[in-house]
Amino acid sequence: MEILHFSDIAQTYINLKRISLNVILDNMRVEFGDLRLDERARKHLLDVMETNWVSAGPKVRAFEQGWGELFDYKYNIAMSSGTSADMAACMTLYDVGAERGDEIIVPALAFAAAGNAVLAAGFKPVFVDIERDTLNINPDLIEAKVTSRTRAVLAVHTMGKPCEMEKITKLAKIRGLRVIEDACEAHGASYRGKRVGHWGDMAAFSFYAAHLVCCGEGGMVSTQDEAIADSLRSVMSHGRKPGSIYFDHQRFGLNFKMNDLEAAVGLPQIEDFWKTFDKRKDNLHYLLHEVRALDEFATFNV
């Protein structure tokens with residue numbers, strides 16, 4: 001008769017549980033959210049069609065104003081995507097003496113757009129490792145990567161969890177660096193009682209389909225600094241003087257403009273923001289409660 005050791009029995013038990021977990025996961029679909037366009041969005045879209053104004057116009061201006069009022073951001077410049085928002089934010093550094101090839105600190109783990117935006121804006125991304133508990137940039141490792149060519153820190157609030165902004169902004173002030181918050185996934189998030197976007201010099205947001213406010217595509221850069229806002233309005237329109245359509249290109253710029261069709265989709269979601277925010281928060285707590293028995297196999301860190 002074959003003798004089974006305790007370790008064999010334990011391993012068999014673990015394997016059976018893993019098989020059961022795989023069966024569950026193979027048949028389970030968990031989505032970020034469900035986008036539904038109601039009559040308000042349809043009305044805004046019909047307004048756009050009736051006026052025949054589909055580029056950046058009154059709907060974009062209303063969207064910028066509504067976004068600013070939600071979180072008390074003074075200046076809000078709508079962009080074509082979260083990636084272009086990051087790029088535009090980086091490009092404002094040229095107005096304060098940065099040169100092509102200068103460096104921007106970036107987390108070693110983030111969506112590809114963060115590093116790509118730095119490169120596309122003409123800078124070199126310098127990667128800093130993350131904290132395992134938060135998956136955000138480790139503020140204690142930043143200073144070792146700062147050189148004479150470092151111009152900014154791009155702090156990404158990964159999956160909506162804010163970075164340790166107190167440490168990051170303190171270091172940035174000492175070393176004379178600008179702080180760009182990539183808050184593309186962090187609409188409405190707070191750190192130490194202060195909303196993201198109020199810690200750095202500016203903050204980039206995305207309105208991609210998975211996010212709390214969705215325009216289909218689209219982005220925003222928010223800031224409290226008027227000079228930065230003027231620079232953003234210029235770089236998002238081929239470097240023209242802010243508000244001008246003439247071929248007077250005063251700085252390096254590209255076409256990052258949001259259009260009224262996108263803003264029309266997003267406007268009702270600004271009205272419903274806190275309702276959506278609270279619902280997603282409730283859903284998160286529900287899921288965490290329901291998967292608590294899986295702690296043996298996965299880490300659920302919020």
# chains A, B, ... in the order shown; residues from 1 in each chain; ligands from 1

$ residues_around --residues "segment 226-236 of chain A" --least-positions-apart "6" --cutoff "7 Å" --atoms "only C-alpha atoms" --output "number ranges by chain"
A: 75, 77, 88-89, 92, 242, 252-257

$ residues_around --residues "segment 179-188 of chain A" --least-positions-apart "6" --cutoff "8 Å" --atoms "only C-alpha atoms" --output "ChimeraX atom specification"
/A:71,82,86,89-90,114,152-162,169,172,195-197,199-207,211-213,219,277

$ write_last_selection --atoms "N, CA and C atoms" --output "JSON list (two decimals), in the first residue's frame"
[["chain", "number", "residue", "atom", "x", "y", "z"],
["A", 71, "PHE", "N", -13.84, 70.16, -8.87],
["A", 71, "PHE", "CA", -12.69, 69.93, -7.99],
["A", 71, "PHE", "C", -11.94, 71.20, -7.64],
["A", 82, "GLY", "N", -5.77, 61.59, -22.66],
["A", 82, "GLY", "CA", -4.91, 61.68, -21.49],
["A", 82, "GLY", "C", -3.45, 61.70, -21.87],
["A", 86, "ASP", "N", -0.67, 64.60, -20.97],
["A", 86, "ASP", "CA", 0.68, 64.41, -20.42],
["A", 86, "ASP", "C", 1.73, 65.10, -21.29],
["A", 89, "ALA", "N", 1.54, 68.88, -20.91],
["A", 89, "ALA", "CA", 2.09, 69.27, -19.61],
["A", 89, "ALA", "C", 3.62, 69.28, -19.65],
["A", 90, "CYS", "N", 4.20, 68.26, -20.27],
["A", 90, "CYS", "CA", 5.67, 68.20, -20.39],
["A", 90, "CYS", "C", 6.20, 69.34, -21.26],
["A", 114, "ALA", "N", 2.67, 57.13, -20.09],
["A", 114, "ALA", "CA", 3.47, 58.04, -19.27],
["A", 114, "ALA", "C", 4.88, 58.22, -19.85],
["A", 152, "ALA", "N", 11.58, 67.77, -14.14],
["A", 152, "ALA", "CA", 10.25, 67.55, -13.54],
["A", 152, "ALA", "C", 10.12, 66.13, -13.05],
["A", 153, "VAL", "N", 9.10, 65.91, -12.22],
["A", 153, "VAL", "CA", 8.68, 64.58, -11.79],
["A", 153, "VAL", "C", 7.27, 64.36, -12.32],
["A", 154, "LEU", "N", 7.07, 63.27, -13.05],
["A", 154, "LEU", "CA", 5.73, 62.89, -13.51],
["A", 154, "LEU", "C", 5.24, 61.81, -12.55],
["A", 155, "ALA", "N", 4.39, 62.19, -11.63],
["A", 155, "ALA", "CA", 3.89, 61.28, -10.59],
["A", 155, "ALA", "C", 2.56, 60.69, -11.04],
["A", 156, "VAL", "N", 2.54, 59.38, -11.30],
["A", 156, "VAL", "CA", 1.34, 58.71, -11.80],
["A", 156, "VAL", "C", 0.55, 58.11, -10.63],
["A", 157, "HIS", "N", -0.69, 58.52, -10.49],
["A", 157, "HIS", "CA", -1.58, 57.95, -9.47],
["A", 157, "HIS", "C", -2.18, 56.67, -10.05],
["A", 158, "THR", "N", -1.46, 55.58, -9.92],
["A", 158, "THR", "CA", -1.81, 54.33, -10.60],
["A", 158, "THR", "C", -3.15, 53.78, -10.13],
["A", 159, "MET", "N", -4.03, 53.52, -11.11],
["A", 159, "MET", "CA", -5.36, 52.96, -10.86],
["A", 159, "MET", "C", -6.13, 53.78, -9.81],
["A", 160, "GLY", "N", -5.85, 55.07, -9.77],
["A", 160, "GLY", "CA", -6.60, 55.97, -8.90],
["A", 160, "GLY", "C", -6.07, 56.09, -7.49],
["A", 161, "LYS", "N", -5.00, 55.39, -7.17],
["A", 161, "LYS", "CA", -4.44, 55.47, -5.81],
["A", 161, "LYS", "C", -3.37, 56.56, -5.78],
["A", 162, "PRO", "N", -3.56, 57.62, -4.99],
["A", 162, "PRO", "CA", -2.63, 58.75, -5.02],
["A", 162, "PRO", "C", -1.22, 58.38, -4.55],
["A", 169, "THR", "N", 6.46, 66.58, -3.52],
["A", 169, "THR", "CA", 6.46, 68.03, -3.70],
["A", 169, "THR", "C", 7.54, 68.71, -2.84],
["A", 172, "ALA", "N", 10.74, 68.18, -4.75],
["A", 172, "ALA", "CA", 10.72, 68.99, -5.97],
["A", 172, "ALA", "C", 11.01, 70.46, -5.67],
["A", 195, "ARG", "N", -7.38, 67.18, -2.79],
["A", 195, "ARG", "CA", -7.62, 66.50, -4.05],
["A", 195, "ARG", "C", -6.35, 66.39, -4.89],
["A", 196, "VAL", "N", -6.22, 65.28, -5.63],
["A", 196, "VAL", "CA", -5.16, 65.20, -6.61],
["A", 196, "VAL", "C", -5.37, 66.34, -7.61],
["A", 197, "GLY", "N", -4.28, 66.84, -8.13],
["A", 197, "GLY", "CA", -4.36, 67.99, -9.01],
["A", 197, "GLY", "C", -4.09, 69.30, -8.29],
["A", 199, "TRP", "N", -1.75, 69.25, -5.75],
["A", 199, "TRP", "CA", -0.44, 69.05, -5.16],
["A", 199, "TRP", "C", 0.67, 69.55, -6.09],
["A", 200, "GLY", "N", 0.59, 69.18, -7.36],
["A", 200, "GLY", "CA", 1.63, 69.54, -8.30],
["A", 200, "GLY", "C", 1.37, 70.87, -8.98],
["A", 201, "ASP", "N", 2.21, 71.17, -9.96],
["A", 201, "ASP", "CA", 2.04, 72.40, -10.75],
["A", 201, "ASP", "C", 0.89, 72.27, -11.73],
["A", 202, "MET", "N", 0.61, 71.05, -12.14],
["A", 202, "MET", "CA", -0.51, 70.78, -13.05],
["A", 202, "MET", "C", -0.83, 69.30, -12.98],
["A", 203, "ALA", "N", -2.01, 68.94, -13.48],
["A", 203, "ALA", "CA", -2.43, 67.54, -13.45],
["A", 203, "ALA", "C", -3.10, 67.18, -14.77],
["A", 204, "ALA", "N", -2.78, 65.98, -15.26],
["A", 204, "ALA", "CA", -3.36, 65.47, -16.51],
["A", 204, "ALA", "C", -4.42, 64.44, -16.19],
["A", 205, "PHE", "N", -5.54, 64.50, -16.93],
["A", 205, "PHE", "CA", -6.65, 63.56, -16.75],
["A", 205, "PHE", "C", -7.02, 62.95, -18.09],
["A", 206, "SER", "N", -7.65, 61.78, -18.03],
["A", 206, "SER", "CA", -8.12, 61.10, -19.24],
["A", 206, "SER", "C", -9.62, 60.85, -19.14],
["A", 207, "PHE", "N", -10.29, 60.94, -20.30],
["A", 207, "PHE", "CA", -11.72, 60.66, -20.36],
["A", 207, "PHE", "C", -11.99, 59.49, -21.30],
["A", 211, "HIS", "N", -12.97, 55.29, -17.59],
["A", 211, "HIS", "CA", -12.82, 56.22, -16.49],
["A", 211, "HIS", "C", -14.15, 56.80, -16.02],
["A", 212, "LEU", "N", -14.12, 57.44, -14.86],
["A", 212, "LEU", "CA", -15.37, 57.89, -14.23],
["A", 212, "LEU", "C", -16.10, 58.92, -15.07],
["A", 213, "VAL", "N", -15.36, 59.79, -15.73],
["A", 213, "VAL", "CA", -15.94, 60.69, -16.72],
["A", 213, "VAL", "C", -15.40, 60.26, -18.07],
["A", 219, "GLY", "N", -9.13, 64.37, -22.86],
["A", 219, "GLY", "CA", -8.29, 64.58, -21.69],
["A", 219, "GLY", "C", -8.40, 66.00, -21.20],
["A", 277, "PHE", "N", -19.12, 58.10, -8.68],
["A", 277, "PHE", "CA", -17.98, 57.86, -7.79],
["A", 277, "PHE", "C", -18.40, 56.97, -6.62]]

$ closest_residue --among "A:Gln224, A:Asn138, A:Asn259, A:Ser237" --to "Gly68 of chain A" --atoms "only C-alpha atoms"
A:Gln224

$ select_by_dssp --residues "segment 171-237 of chain A" --states "strand (DSSP E or B)" --output "ChimeraX atom specification"
/A:178-182,190-191,194-195,202-206,208,216,219-223,237

$ closest_atom_pairs --of "segment 212-232 of chain A" --to "segment 44-60 of chain A" --cutoff "12 Å" --atoms "only C-alpha atoms" --output "JSON lines"
{"residue": "A:Cys215", "atom": "CA", "partner": "A:Val60", "partner_atom": "CA", "distance": 10.9}
{"residue": "A:Gly218", "atom": "CA", "partner": "A:Val60", "partner_atom": "CA", "distance": 10.6}
{"residue": "A:Gly219", "atom": "CA", "partner": "A:Val60", "partner_atom": "CA", "distance": 11.1}
{"residue": "A:Met220", "atom": "CA", "partner": "A:Val60", "partner_atom": "CA", "distance": 10.7}

$ closest_residue --among "A:Val106, A:Val221, A:Pro139, A:Asp72" --to "Lys194 of chain A" --atoms "only C-alpha atoms"
A:Asp72

$ select_by_dssp --residues "segment 54-298 of chain A" --states "helix (DSSP H, G or I)" --output "ChimeraX atom specification"
/A:58-71,82-96,112-120,139-141,143-145,158-160,165-175,226-235,260-271,273-290,292-294

$ closest_residue --among "A:Leu267, A:Val118, A:Leu70, A:Ala293" --to "Thr83 of chain A" --atoms "only C-alpha atoms"
A:Val118

$ atom_distance --atom1 "atom CA of Thr134 of chain A" --atom2 "atom CA of Ala121 of chain A"
27.5 Å
